[in-house]
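Student: One file: upload_16.txt (compact mmCIF, C-alpha atoms).
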# COMPACT_ATOMS: atom_id res chain seq x y z
CA MET N 1 51.29 20.95 104.23
CA SER N 2 49.54 23.83 102.48
CA LEU N 3 51.33 25.68 99.69
CA ASP N 4 48.37 27.88 98.76
CA LEU N 5 50.00 31.14 99.87
CA VAL N 6 53.34 30.59 98.15
CA PRO N 7 52.10 32.26 94.91
CA LEU N 8 51.02 35.24 97.02
CA ALA N 9 54.54 35.43 98.46
CA VAL N 10 55.92 35.43 94.89
CA LEU N 11 53.53 38.22 93.86
CA MET N 12 54.47 40.25 96.94
CA GLY N 13 58.14 39.71 96.13
CA LEU N 14 57.53 40.91 92.57
CA ALA N 15 55.78 44.01 93.94
CA THR N 16 58.71 44.75 96.23
CA TYR N 17 61.68 44.04 94.00
CA PRO N 18 61.39 47.02 91.58
CA SER N 19 61.63 49.56 94.40
CA ARG N 20 64.72 47.78 95.70
CA ALA N 21 66.38 47.26 92.37
CA LEU N 22 65.56 49.99 89.86
CA PRO N 23 67.92 52.75 91.05
CA LEU N 24 70.69 50.22 91.73
CA LEU N 25 70.36 48.58 88.33
CA LEU N 26 69.90 51.75 86.29
CA SER N 27 72.75 53.74 87.79
CA ARG N 28 76.00 54.14 85.90
CA THR N 29 79.31 55.40 87.18
CA GLY N 30 79.77 59.12 86.74
CA ARG N 31 76.34 59.72 85.22
CA LEU N 32 74.71 61.47 88.17
CA ARG N 33 74.93 65.24 88.54
CA PRO N 34 76.67 66.59 91.66
CA ALA N 35 73.41 68.12 92.90
CA ILE N 36 71.74 64.71 92.80
CA LEU N 37 74.67 63.05 94.54
CA ASP N 38 74.56 65.77 97.18
CA TYR N 39 70.84 65.12 97.67
CA LEU N 40 71.38 61.35 97.90
CA ARG N 41 74.05 61.90 100.55
CA LEU N 42 71.35 63.37 102.78
CA VAL N 43 68.83 60.59 102.14
CA GLY N 44 70.48 58.25 104.67
CA PRO N 45 70.12 60.38 107.81
CA ALA N 46 66.72 61.63 106.64
CA VAL N 47 65.07 58.30 105.96
CA LEU N 48 66.53 56.63 109.05
CA ALA N 49 65.31 59.49 111.24
CA ALA N 50 61.90 59.23 109.57
CA LEU N 51 61.79 55.49 110.26
CA ALA N 52 62.79 55.97 113.89
CA ALA N 53 60.27 58.74 114.48
CA ALA N 54 57.37 56.97 112.79
CA ASN N 55 58.08 53.73 114.64
CA THR N 56 58.33 55.50 118.01
CA VAL N 57 55.59 58.10 117.88
CA VAL N 58 52.94 56.48 115.68
CA GLN N 59 51.01 53.30 116.31
CA VAL N 60 49.07 51.61 113.54
CA GLU N 61 46.05 49.40 113.95
CA THR N 62 44.34 47.43 111.21
CA LEU N 63 40.57 47.53 111.56
CA ALA N 64 38.20 44.71 110.72
CA ASP N 65 37.46 46.27 107.33
CA GLY N 66 41.18 46.32 106.49
CA ALA N 67 41.66 50.04 107.01
CA ARG N 68 44.92 51.08 108.70
CA VAL N 69 44.48 53.73 111.37
CA SER N 70 47.39 55.74 112.76
CA ALA N 71 47.39 57.11 116.31
CA PHE N 72 49.78 59.30 118.28
CA HIS N 73 51.63 57.24 120.88
CA VAL N 74 53.40 58.46 123.99
CA GLY N 75 55.34 55.90 125.98
CA ILE N 76 58.59 54.74 127.48
CA GLU N 77 59.80 54.05 123.93
CA TRP N 78 60.39 57.80 123.52
CA LEU N 79 62.81 57.88 126.42
CA ALA N 80 64.46 54.67 125.27
CA VAL N 81 65.13 56.01 121.76
CA LEU N 82 66.37 59.34 123.15
CA ALA N 83 68.68 57.44 125.50
CA CYS N 84 70.07 55.50 122.55
CA VAL N 85 70.60 58.72 120.57
CA ALA N 86 72.36 60.32 123.54
CA ILE N 87 74.67 57.34 124.01
CA VAL N 88 75.51 57.12 120.31
CA THR N 89 76.24 60.85 120.26
CA TRP N 90 78.38 60.61 123.38
CA ARG N 91 80.16 57.28 122.95
CA ARG N 92 79.71 56.60 119.20
CA ASN N 93 78.61 53.10 120.16
CA LEU N 94 75.29 51.87 118.78
CA LEU N 95 75.34 48.58 120.68
CA PHE N 96 75.57 50.34 124.06
CA GLY N 97 72.72 52.59 122.99
CA ILE N 98 70.49 49.69 121.97
CA VAL N 99 71.26 47.75 125.16
CA ALA N 100 70.38 50.80 127.26
CA ALA N 101 67.14 51.34 125.34
CA VAL N 102 66.08 47.70 125.70
CA ALA N 103 67.02 47.61 129.39
CA LEU N 104 65.02 50.76 130.07
CA VAL N 105 61.89 49.48 128.32
CA ALA N 106 62.15 45.97 129.77
CA GLY N 107 62.73 47.36 133.28
CA VAL N 108 59.81 49.77 133.15
CA ARG N 109 57.52 47.06 131.76
CA ALA N 110 58.72 44.57 134.37
CA VAL N 111 57.64 46.84 137.21
CA GLY N 112 54.32 47.50 135.52
CA LEU N 113 54.84 51.17 134.70
CA ALA N 114 54.31 50.69 130.96
CA MET I 1 85.65 44.05 121.89
CA PRO I 2 88.56 42.78 119.78
CA TYR I 3 87.82 40.79 116.65
CA PRO I 4 90.40 38.59 114.97
CA ASP I 5 91.08 39.71 111.44
CA ALA I 6 89.73 36.45 110.05
CA VAL I 7 86.33 37.22 111.56
CA ILE I 8 86.03 40.45 109.64
CA GLY I 9 87.34 38.99 106.42
CA LEU I 10 90.82 40.42 106.40
CA PRO I 11 93.98 38.69 105.21
CA ALA I 12 96.08 36.68 107.62
CA ALA I 13 99.17 38.17 109.22
CA SER I 14 101.44 36.92 106.43
CA SER I 15 99.46 38.88 103.81
CA PRO I 16 100.06 42.56 103.10
CA SER I 17 98.84 44.67 106.01
CA PRO I 18 95.17 45.58 105.68
CA ASP I 19 93.83 49.10 105.40
CA PRO I 20 93.44 50.31 109.03
CA ALA I 21 90.39 52.40 108.17
CA LEU I 22 88.73 49.34 106.64
CA VAL I 23 89.53 47.22 109.69
CA ALA I 24 88.19 49.87 112.08
CA SER I 25 85.02 50.44 110.08
CA ARG I 26 84.34 46.71 109.79
CA ARG I 27 84.82 46.28 113.52
CA ARG I 28 82.30 49.01 114.14
CA LEU I 29 79.95 47.45 111.60
CA VAL I 30 80.17 44.08 113.35
CA LEU I 31 79.43 45.64 116.73
CA ASP I 32 76.56 47.75 115.39
CA GLY I 33 75.21 44.66 113.67
CA LEU I 34 74.80 42.78 116.94
CA GLY I 35 71.90 45.02 117.89
CA ILE I 36 70.36 44.56 114.46
CA ILE I 37 70.60 40.78 114.81
CA ALA I 38 68.56 40.99 118.03
CA SER I 39 66.02 43.20 116.27
CA ALA I 40 65.68 40.94 113.21
CA ALA I 41 65.41 37.82 115.35
CA GLY I 42 62.82 39.38 117.65
CA PHE I 43 60.60 40.65 114.86
CA GLY I 44 61.08 37.47 112.82
CA LEU I 45 59.88 35.48 115.80
CA VAL I 46 56.81 37.65 116.23
CA TYR I 47 56.10 37.34 112.51
CA GLY I 48 56.40 33.55 112.69
CA LEU I 49 54.04 33.45 115.66
CA SER I 50 51.55 35.72 113.86
CA ALA I 51 51.73 33.68 110.67
CA ARG I 52 51.18 30.45 112.56
CA ALA I 53 48.18 31.96 114.36
CA ALA I 54 46.78 33.03 110.97
CA GLY I 55 47.05 29.46 109.68
CA PHE I 56 50.16 29.78 107.51
CA SER I 57 52.02 26.52 106.98
CA LEU I 58 55.77 26.33 107.58
CA VAL I 59 56.46 26.59 103.84
CA GLU I 60 54.04 29.49 103.32
CA GLY I 61 55.35 31.50 106.25
CA SER I 62 58.97 30.86 105.32
CA ALA I 63 58.32 31.63 101.64
CA MET I 64 57.16 35.08 102.69
CA SER I 65 60.34 35.67 104.69
CA VAL I 66 62.64 34.44 101.92
CA ILE I 67 60.87 35.90 98.88
CA VAL I 68 59.30 39.09 100.24
CA PHE I 69 61.83 39.69 103.04
CA ALA I 70 60.10 42.87 104.21
CA GLY I 71 58.73 42.91 107.73
CA ALA I 72 55.98 45.53 107.55
CA ALA I 73 54.51 44.04 104.37
CA GLN I 74 54.64 40.53 105.82
CA PHE I 75 52.85 41.57 109.01
CA ALA I 76 50.22 43.36 106.94
CA ALA I 77 49.82 40.29 104.73
CA VAL I 78 49.18 38.09 107.75
CA GLY I 79 46.38 40.40 108.88
CA TYR I 80 44.91 40.69 105.42
CA VAL I 81 44.99 36.96 104.72
CA LEU I 82 43.36 36.37 108.10
CA GLY I 83 40.70 38.91 107.18
CA GLY I 84 40.08 37.25 103.82
CA PHE I 85 41.09 40.21 101.68
CA SER I 86 41.90 39.92 97.98
CA TRP I 87 45.43 39.09 96.85
CA LEU I 88 45.39 42.16 94.64
CA GLY I 89 44.85 44.34 97.70
CA VAL I 90 47.69 42.61 99.53
CA VAL I 91 50.06 43.04 96.58
CA LEU I 92 49.18 46.72 96.13
CA LEU I 93 49.64 47.34 99.86
CA THR I 94 52.99 45.57 99.68
CA ALA I 95 54.18 47.89 96.90
CA PHE I 96 53.01 50.90 98.90
CA LEU I 97 54.62 49.78 102.16
CA ASN I 98 57.91 49.01 100.46
CA ALA I 99 58.15 52.12 98.27
CA ARG I 100 60.75 53.56 100.68
CA HIS I 101 63.23 51.04 99.32
CA LEU I 102 63.52 53.27 96.26
CA LEU I 103 65.26 55.81 98.46
CA TYR I 104 67.66 53.22 99.89
CA SER I 105 68.48 51.89 96.47
CA ALA I 106 69.05 55.38 95.08
CA ALA I 107 71.22 56.42 98.04
CA LEU I 108 73.48 53.36 97.67
CA SER I 109 73.64 53.46 93.88
CA PRO I 110 76.54 55.96 93.61
CA TYR I 111 78.71 53.60 95.66
CA LEU I 112 77.76 50.48 93.70
CA ALA I 113 77.45 51.81 90.15
CA ASP I 114 80.70 50.17 89.03
CA ARG I 115 79.75 46.71 90.28
CA PRO I 116 78.47 44.08 87.83
CA ARG I 117 74.73 44.36 87.22
CA PRO I 118 73.94 40.73 88.16
CA LEU I 119 75.65 41.34 91.49
CA ARG I 120 73.59 44.49 92.05
CA ALA I 121 70.45 42.50 91.18
CA VAL I 122 71.21 40.06 94.00
CA MET I 123 72.12 42.86 96.39
CA ALA I 124 68.80 44.53 95.66
CA HIS I 125 66.75 41.59 96.92
CA LEU I 126 68.54 41.80 100.27
CA LEU I 127 68.08 45.56 100.65
CA THR I 128 66.11 46.20 103.84
CA ASP I 129 65.89 49.01 106.38
CA GLU I 130 68.59 47.34 108.43
CA ALA I 131 70.90 46.49 105.51
CA PHE I 132 70.66 50.06 104.27
CA ALA I 133 71.23 51.61 107.68
CA LEU I 134 74.32 49.54 108.45
CA SER I 135 75.88 49.59 105.00
CA ALA I 136 75.21 53.30 104.41
CA ALA I 137 77.00 54.13 107.67
CA HIS I 138 79.84 51.75 106.77
CA PHE I 139 80.25 53.09 103.21
CA ARG I 140 80.07 56.61 104.59
CA ARG I 141 82.90 55.96 107.02
CA LEU I 142 85.03 54.46 104.25
CA GLY I 143 84.02 56.80 101.44
CA ARG I 144 83.51 53.80 99.17
CA ALA I 145 81.62 50.53 98.90
CA ASP I 146 82.73 47.41 100.72
CA LEU I 147 80.97 44.28 99.52
CA TRP I 148 81.95 42.31 102.60
CA GLY I 149 80.24 44.99 104.67
CA TYR I 150 77.08 44.85 102.57
CA TRP I 151 76.80 41.07 102.75
CA TYR I 152 77.40 41.19 106.49
CA ALA I 153 74.70 43.85 106.96
CA ALA I 154 72.20 42.18 104.63
CA ILE I 155 72.72 38.49 105.25
CA VAL I 156 74.39 37.95 108.62
CA THR I 157 72.55 40.61 110.61
CA THR I 158 69.18 40.44 108.87
CA PHE I 159 68.39 37.66 106.38
CA ILE I 160 69.63 34.75 108.48
CA PRO I 161 68.20 35.80 111.87
CA TRP I 162 64.92 36.91 110.27
CA ASN I 163 64.42 33.58 108.53
CA LEU I 164 65.59 31.37 111.39
CA ALA I 165 63.35 33.25 113.80
CA THR I 166 60.44 32.95 111.38
CA ILE I 167 60.88 29.18 111.32
CA ALA I 168 61.15 29.10 115.13
CA GLY I 169 57.94 31.07 115.49
CA LEU I 170 56.11 28.89 112.97
CA LEU I 171 57.29 25.67 114.59
CA LEU I 172 57.20 26.49 118.28
CA GLY I 173 54.20 28.80 118.45
CA GLY I 174 52.87 29.50 121.93
CA ALA I 175 55.85 27.87 123.64
CA ILE I 176 57.77 31.12 123.05
CA PRO I 177 57.25 34.11 125.40
CA ASP I 178 56.23 37.44 123.87
CA PRO I 179 59.51 39.22 122.90
CA SER I 180 57.98 42.63 123.66
CA ARG I 181 58.14 41.72 127.36
CA PHE I 182 61.89 42.01 127.01
CA GLY I 183 61.82 45.34 125.19
CA ILE I 184 62.82 43.85 121.83
CA ASP I 185 60.27 46.04 120.04
CA VAL I 186 62.31 49.16 120.82
CA VAL I 187 65.47 47.79 119.19
CA PHE I 188 64.40 48.76 115.67
CA PRO I 189 63.54 52.45 116.26
CA ALA I 190 66.50 52.83 118.61
CA ALA I 191 68.86 51.32 116.03
CA MET I 192 67.49 53.48 113.22
CA ALA I 193 67.78 56.63 115.37
CA GLY I 194 71.31 55.72 116.45
CA LEU I 195 72.43 55.03 112.90
CA ALA I 196 70.85 58.29 111.72
CA VAL I 197 72.87 60.15 114.34
CA ALA I 198 76.00 58.35 113.17
CA LEU I 199 75.36 59.69 109.65
CA VAL I 200 74.97 63.29 110.79
CA ALA I 201 78.23 65.01 109.92
CA GLY I 202 77.04 68.63 109.90
CA ARG I 203 74.10 70.99 109.90
CA ARG I 204 72.81 69.89 106.53
CA GLU I 205 72.45 66.27 107.66
CA ALA I 206 70.96 67.42 110.96
CA VAL I 207 68.37 69.59 109.22
CA ALA I 208 67.57 66.77 106.78
CA ALA I 209 67.12 64.27 109.63
CA ILE I 210 65.05 66.50 111.91
CA ALA I 211 62.84 67.73 109.08
CA ALA I 212 62.33 64.19 107.83
CA ALA I 213 61.37 62.97 111.31
CA LEU I 214 58.84 65.77 111.80
CA LEU I 215 57.37 65.29 108.33
CA ALA I 216 57.22 61.53 108.80
CA VAL I 217 55.25 61.85 112.03
CA ALA I 218 52.87 64.45 110.58
CA VAL I 219 52.13 62.46 107.42
CA SER I 220 51.98 59.18 109.35
CA LEU I 221 49.27 60.58 111.62
CA ALA I 222 47.39 62.17 108.75
CA TRP I 223 47.67 59.17 106.42
CA ASP I 224 49.96 56.19 106.97
CA PRO I 225 53.51 55.60 108.27
CA ALA I 226 54.55 54.08 104.94
CA ALA I 227 53.70 57.38 103.25
CA GLY I 228 55.23 59.38 106.10
CA ILE I 229 58.59 57.67 105.77
CA VAL I 230 58.69 58.23 102.02
CA VAL I 231 57.64 61.90 102.31
CA GLY I 232 60.17 62.52 105.09
CA GLY I 233 62.89 60.71 103.16
CA LEU I 234 62.17 62.71 100.01
CA ILE I 235 61.67 66.22 101.42
CA GLY I 236 64.10 66.08 104.35
CA PRO I 237 67.20 65.96 102.10
CA ALA I 238 65.84 68.82 99.98
CA LEU I 239 65.49 70.95 103.13
CA GLY I 240 68.97 69.88 104.25
CA ARG I 241 70.37 71.05 100.91
CA ALA I 242 68.75 74.44 101.52
CA VAL I 243 71.20 75.06 104.38
CA PRO I 244 73.90 77.30 102.93
CA ILE I 245 77.21 75.51 102.57
CA ARG I 246 79.02 78.34 104.39
CA ALA I 247 76.74 77.81 107.38
CA ALA I 248 77.17 74.05 107.27
CA ARG I 249 80.24 72.98 109.20
CA HIS I 250 80.95 69.42 108.23
CA ARG I 251 83.13 66.83 109.80
CA TYR I 252 83.58 65.72 106.20
CA PRO I 253 84.75 67.70 103.19
CA GLU I 254 81.86 69.09 101.13
CA SER I 255 81.80 66.44 98.47
CA PRO I 256 78.99 64.83 96.52
CA LEU I 257 80.05 61.43 97.70
CA PRO I 258 80.53 60.98 101.42
CA LEU I 259 84.16 60.59 102.28
CA ALA I 260 85.93 58.56 104.89
CA ASP I 261 85.43 59.20 108.58
CA PRO I 262 88.46 61.12 109.88
CA GLU I 263 87.97 59.54 113.31
CA LEU I 264 88.94 56.16 111.96
CA PRO I 265 92.56 55.13 112.22
CA GLY I 266 94.38 55.23 108.94
CA SER I 267 92.17 57.87 107.46
CA ALA I 268 94.31 60.41 105.64
CA LEU I 269 91.53 62.82 104.88
CA GLU I 270 92.08 66.50 104.90
CA ASP I 271 89.41 69.13 105.14
CA ALA I 272 88.58 71.63 102.44
CA GLU I 273 91.35 73.95 103.57
CA GLY I 274 93.87 71.16 103.53
CA ASP I 275 94.26 70.89 107.30
CA PRO I 276 94.66 67.35 108.52
CA ARG I 277 91.75 66.25 110.72
How would this structure read if it were set down as structure tokens?
Tutor:
Amino acid sequence: MSLDLVPLAVLMGLATYPSRALPLLLSRTGRLRPAILDYLRLVGPAVLAALAAANTVVQVETLADGARVSAFHVGIEWLAVLACVAIVTWRRNLLFGIVAAVALVAGVRAVGLA
Amino acid sequence: MPYPDAVIGLPAASSPSPDPALVASRRRLVLDGLGIIASAAGFGLVYGLSARAAGFSLVEGSAMSVIVFAGAAQFAAVGYVLGGFSWLGVVLLTAFLNARHLLYSAALSPYLADRPRPLRAVMAHLLTDEAFALSAAHFRRLGRADLWGYWYAAIVTTFIPWNLATIAGLLLGGAIPDPSRFGIDVVFPAAMAGLAVALVAGRREAVAAIAAALLAVAVSLAWDPAAGIVVGGLIGPALGRAVPIRAARHRYPESPLPLADPELPGSALEDAEGDPR
């Protein structure tokens, strides 16, 4: 069994770990200014909304030369994500929202509309 | 759905009664995590299938999932290895794709600053989109860190299903139907959107989230989604902070650290005027 790519996995892990660890490891209790804490409080909703939007609206393809190309995507996924947001807002239940989103997408794909 | 206390790590009936807010928040975390488990398993399976198709061995594909533990970078690596690109390019792309973790780590750091550094070092390796989303919402509801909640979000809902599904994809290959047929690909954006909504407690969060989403899409289309997410995550909160505090009506008191969710049983929070919520 080949192990040739295990060193690459280690290098990729080393490239990833600092972004995960540095703020966590460098922070000390009570050392951050209130303005920074206030900013960090807003990072959660902002970055999760950014993730959701980018993963719903943008499709990425990797070309033969390695270039990554982004394209605007319109599809049933929009409605599914909006349905999930509506259910979470209404019922405060993420699981119901996800089930509804998956059911909508699976149903539309099953009948060949997407 | 009721969960016995033992399932969510609370003392048995003979022990002192547990904090009701903690019990309620953990129950919600467990339920929210079920969707994330489906997402991690679905994407882990697709990654395992892709890695197998690209010629990765079981050890190589699994090493990626254990050591890198970052879906977008792993998918990109499969494509780049298949295309014969240099390792340096793959490593640089990995750092770029995963730069958003800086924001997660920074956002969680106020909650975890008093924990031992070796513990934080271990927690950092398990910090993913999903772990951040679930634990940030959980900490926000409680107004403090809960290690049990973090380990549940990071290990039970993400690390274990991601790695088991990777192995399944690598071993079983074409015998597995395409998970996208069942709509599994929409679980991740739906879960992230739902958890973002759960974190919106007032106009400032709403402005931060909407601005970040718009910026993320614009920059993603102009450049790359990895950059879009970082730009949205950096600038969105700054725009949210620009909303005057008087105009921002929060469900939570205006405090640097998010406080406990007043909807949870046992929460004794009062608003800024001292009125019980």
Student: Could you give me, as JSON lines, a per-residue list for chain N showing, wherever an atom lies at most 6 Å from an atom of chain I, the closest pair of atoms and their distance in Å to one decimal, using all atoms listed in the file and sorting by chain then residue number from low to high?
Tutor:
{"residue": "N:Ser2", "atom": "CA", "partner": "I:Ser57", "partner_atom": "CA", "distance": 5.8}
{"residue": "N:Leu3", "atom": "CA", "partner": "I:Glu60", "partner_atom": "CA", "distance": 5.9}
{"residue": "N:Leu5", "atom": "CA", "partner": "I:Glu60", "partner_atom": "CA", "distance": 5.6}
{"residue": "N:Val6", "atom": "CA", "partner": "I:Glu60", "partner_atom": "CA", "distance": 5.3}
{"residue": "N:Ala9", "atom": "CA", "partner": "I:Met64", "partner_atom": "CA", "distance": 5.0}
{"residue": "N:Met12", "atom": "CA", "partner": "I:Val91", "partner_atom": "CA", "distance": 5.2}
{"residue": "N:Gly13", "atom": "CA", "partner": "I:Val68", "partner_atom": "CA", "distance": 4.3}
{"residue": "N:Ala15", "atom": "CA", "partner": "I:Ala95", "partner_atom": "CA", "distance": 5.1}
{"residue": "N:Thr16", "atom": "CA", "partner": "I:Ala95", "partner_atom": "CA", "distance": 5.6}
{"residue": "N:Ser19", "atom": "CA", "partner": "I:Leu102", "partner_atom": "CA", "distance": 4.6}
{"residue": "N:Arg20", "atom": "CA", "partner": "I:His101", "partner_atom": "CA", "distance": 5.1}
{"residue": "N:Ala21", "atom": "CA", "partner": "I:Ala124", "partner_atom": "CA", "distance": 4.9}
{"residue": "N:Pro23", "atom": "CA", "partner": "I:Ala106", "partner_atom": "CA", "distance": 4.9}
{"residue": "N:Leu24", "atom": "CA", "partner": "I:Ser109", "partner_atom": "CA", "distance": 4.9}
{"residue": "N:Ser27", "atom": "CA", "partner": "I:Ala113", "partner_atom": "CA", "distance": 5.6}
{"residue": "N:Arg28", "atom": "CA", "partner": "I:Ala113", "partner_atom": "CA", "distance": 5.1}
{"residue": "N:Thr29", "atom": "CA", "partner": "I:Ala113", "partner_atom": "CA", "distance": 5.0}
{"residue": "N:Pro34", "atom": "CA", "partner": "I:Pro256", "partner_atom": "CA", "distance": 5.7}
{"residue": "N:Leu37", "atom": "CA", "partner": "I:Pro256", "partner_atom": "CA", "distance": 5.1}
{"residue": "N:Asp38", "atom": "CA", "partner": "I:Pro256", "partner_atom": "CA", "distance": 4.6}
{"residue": "N:Tyr39", "atom": "CA", "partner": "I:Pro237", "partner_atom": "CA", "distance": 5.8}
{"residue": "N:Leu40", "atom": "CA", "partner": "I:Ala107", "partner_atom": "CA", "distance": 4.9}
{"residue": "N:Leu42", "atom": "CA", "partner": "I:Pro237", "partner_atom": "CA", "distance": 4.9}
{"residue": "N:Val43", "atom": "CA", "partner": "I:Pro237", "partner_atom": "CA", "distance": 5.6}
{"residue": "N:Pro45", "atom": "CA", "partner": "I:Ala196", "partner_atom": "CA", "distance": 4.5}
{"residue": "N:Ala46", "atom": "CA", "partner": "I:Ala209", "partner_atom": "CA", "distance": 4.0}
{"residue": "N:Val47", "atom": "CA", "partner": "I:Gly233", "partner_atom": "CA", "distance": 4.3}
{"residue": "N:Leu48", "atom": "CA", "partner": "I:Met192", "partner_atom": "CA", "distance": 5.3}
{"residue": "N:Ala49", "atom": "CA", "partner": "I:Ala213", "partner_atom": "CA", "distance": 5.3}
{"residue": "N:Ala50", "atom": "CA", "partner": "I:Ala213", "partner_atom": "CA", "distance": 4.2}
{"residue": "N:Leu51", "atom": "CA", "partner": "I:Ile229", "partner_atom": "CA", "distance": 5.9}
{"residue": "N:Ala52", "atom": "CA", "partner": "I:Pro189", "partner_atom": "CA", "distance": 4.3}
{"residue": "N:Ala53", "atom": "CA", "partner": "I:Ala213", "partner_atom": "CA", "distance": 5.4}
{"residue": "N:Ala54", "atom": "CA", "partner": "I:Val217", "partner_atom": "CA", "distance": 5.4}
{"residue": "N:Asn55", "atom": "CA", "partner": "I:Pro189", "partner_atom": "CA", "distance": 5.8}
{"residue": "N:Ser70", "atom": "CA", "partner": "I:Leu221", "partner_atom": "CA", "distance": 5.3}
{"residue": "N:Val81", "atom": "CA", "partner": "I:Ala190", "partner_atom": "CA", "distance": 4.7}
{"residue": "N:Cys84", "atom": "CA", "partner": "I:Ala190", "partner_atom": "CA", "distance": 5.9}
{"residue": "N:Val85", "atom": "CA", "partner": "I:Gly194", "partner_atom": "CA", "distance": 5.1}
{"residue": "N:Val88", "atom": "CA", "partner": "I:Gly194", "partner_atom": "CA", "distance": 5.9}
{"residue": "N:Leu94", "atom": "CA", "partner": "I:Asp32", "partner_atom": "CA", "distance": 5.5}
{"residue": "N:Leu95", "atom": "CA", "partner": "I:Asp32", "partner_atom": "CA", "distance": 5.5}
{"residue": "N:Val102", "atom": "CA", "partner": "I:Gly183", "partner_atom": "CA", "distance": 4.9}
{"residue": "N:Val105", "atom": "CA", "partner": "I:Gly183", "partner_atom": "CA", "distance": 5.2}
{"residue": "N:Ala106", "atom": "CA", "partner": "I:Gly183", "partner_atom": "CA", "distance": 4.6}
Student: Save out the residues we just selected, C-alpha atoms, as a PDB file, in the coordinates of the input.
Tutor:
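What landed in again.pdb:
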ATOM      1  CA  SER N   2      49.540  23.830 102.480  1.00  0.00           C
ATOM      2  CA  LEU N   3      51.330  25.680  99.690  1.00  0.00           C
ATOM      3  CA  LEU N   5      50.000  31.140  99.870  1.00  0.00           C
ATOM      4  CA  VAL N   6      53.340  30.590  98.150  1.00  0.00           C
ATOM      5  CA  ALA N   9      54.540  35.430  98.460  1.00  0.00           C
ATOM      6  CA  MET N  12      54.470  40.250  96.940  1.00  0.00           C
ATOM      7  CA  GLY N  13      58.140  39.710  96.130  1.00  0.00           C
ATOM      8  CA  ALA N  15      55.780  44.010  93.940  1.00  0.00           C
ATOM      9  CA  THR N  16      58.710  44.750  96.230  1.00  0.00           C
ATOM     10  CA  SER N  19      61.630  49.560  94.400  1.00  0.00           C
ATOM     11  CA  ARG N  20      64.720  47.780  95.700  1.00  0.00           C
ATOM     12  CA  ALA N  21      66.380  47.260  92.370  1.00  0.00           C
ATOM     13  CA  PRO N  23      67.920  52.750  91.050  1.00  0.00           C
ATOM     14  CA  LEU N  24      70.690  50.220  91.730  1.00  0.00           C
ATOM     15  CA  SER N  27      72.750  53.740  87.790  1.00  0.00           C
ATOM     16  CA  ARG N  28      76.000  54.140  85.900  1.00  0.00           C
ATOM     17  CA  THR N  29      79.310  55.400  87.180  1.00  0.00           C
ATOM     18  CA  PRO N  34      76.670  66.590  91.660  1.00  0.00           C
ATOM     19  CA  LEU N  37      74.670  63.050  94.540  1.00  0.00           C
ATOM     20  CA  ASP N  38      74.560  65.770  97.180  1.00  0.00           C
ATOM     21  CA  TYR N  39      70.840  65.120  97.670  1.00  0.00           C
ATOM     22  CA  LEU N  40      71.380  61.350  97.900  1.00  0.00           C
ATOM     23  CA  LEU N  42      71.350  63.370 102.780  1.00  0.00           C
ATOM     24  CA  VAL N  43      68.830  60.590 102.140  1.00  0.00           C
ATOM     25  CA  PRO N  45      70.120  60.380 107.810  1.00  0.00           C
ATOM     26  CA  ALA N  46      66.720  61.630 106.640  1.00  0.00           C
ATOM     27  CA  VAL N  47      65.070  58.300 105.960  1.00  0.00           C
ATOM     28  CA  LEU N  48      66.530  56.630 109.050  1.00  0.00           C
ATOM     29  CA  ALA N  49      65.310  59.490 111.240  1.00  0.00           C
ATOM     30  CA  ALA N  50      61.900  59.230 109.570  1.00  0.00           C
ATOM     31  CA  LEU N  51      61.790  55.490 110.260  1.00  0.00           C
ATOM     32  CA  ALA N  52      62.790  55.970 113.890  1.00  0.00           C
ATOM     33  CA  ALA N  53      60.270  58.740 114.480  1.00  0.00           C
ATOM     34  CA  ALA N  54      57.370  56.970 112.790  1.00  0.00           C
ATOM     35  CA  ASN N  55      58.080  53.730 114.640  1.00  0.00           C
ATOM     36  CA  SER N  70      47.390  55.740 112.760  1.00  0.00           C
ATOM     37  CA  VAL N  81      65.130  56.010 121.760  1.00  0.00           C
ATOM     38  CA  CYS N  84      70.070  55.500 122.550  1.00  0.00           C
ATOM     39  CA  VAL N  85      70.600  58.720 120.570  1.00  0.00           C
ATOM     40  CA  VAL N  88      75.510  57.120 120.310  1.00  0.00           C
ATOM     41  CA  LEU N  94      75.290  51.870 118.780  1.00  0.00           C
ATOM     42  CA  LEU N  95      75.340  48.580 120.680  1.00  0.00           C
ATOM     43  CA  VAL N 102      66.080  47.700 125.700  1.00  0.00           C
ATOM     44  CA  VAL N 105      61.890  49.480 128.320  1.00  0.00           C
ATOM     45  CA  ALA N 106      62.150  45.970 129.770  1.00  0.00           C
TER      46      ALA N 106
END
Student: Which residue is closest to Val99 (chain N)? Choose from N:Val58, N:Ala80, N:Tyr17, N:Ala114 and count only C-alpha atoms.
Tutor: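 For Val99 (chain N), the nearest of the candidates is N:Ala80.
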Student: CA of Ile98 (chain N) and CA of Gly202 (chain I), how far apart in Å?
Tutor: 23.4 Å
Student: What does the distance between CA of Pro161 (chain I) and CA of Ile37 (chain I) come to in Å, to one decimal place?
Tutor: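 Pair CA of Pro161 (chain I) / CA of Ile37 (chain I) returns 6.3 Å.
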Student: Identify, on the basis of all atoms listed in the file, every residue whose closest approach to Ile87 (chain N) does not exceed 8 Å; exclude the query and any residue fewer than 5 positions from it along the same chain; express the result as a list of chain:residue names.
Tutor: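 My list of contacting residues is N:Arg92, N:Asn93, N:Leu94, N:Phe96, N:Gly97.
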Student: Just give me the gap between CA of Ala168 (chain I) and CA of Tyr47 (chain I) in Å, one decimal is fine.
Tutor: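 Computing it gives 10.0 Å between the two atoms.
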Student: For Gly66 (chain N), which of I:Ala54, I:Val78, I:Pro20, I:Gly42 is the closest residue, counting all atoms listed in the file?
Tutor: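 Among I:Ala54, I:Val78, I:Pro20, I:Gly42, it is I:Val78 that comes nearest to Gly66 (chain N).
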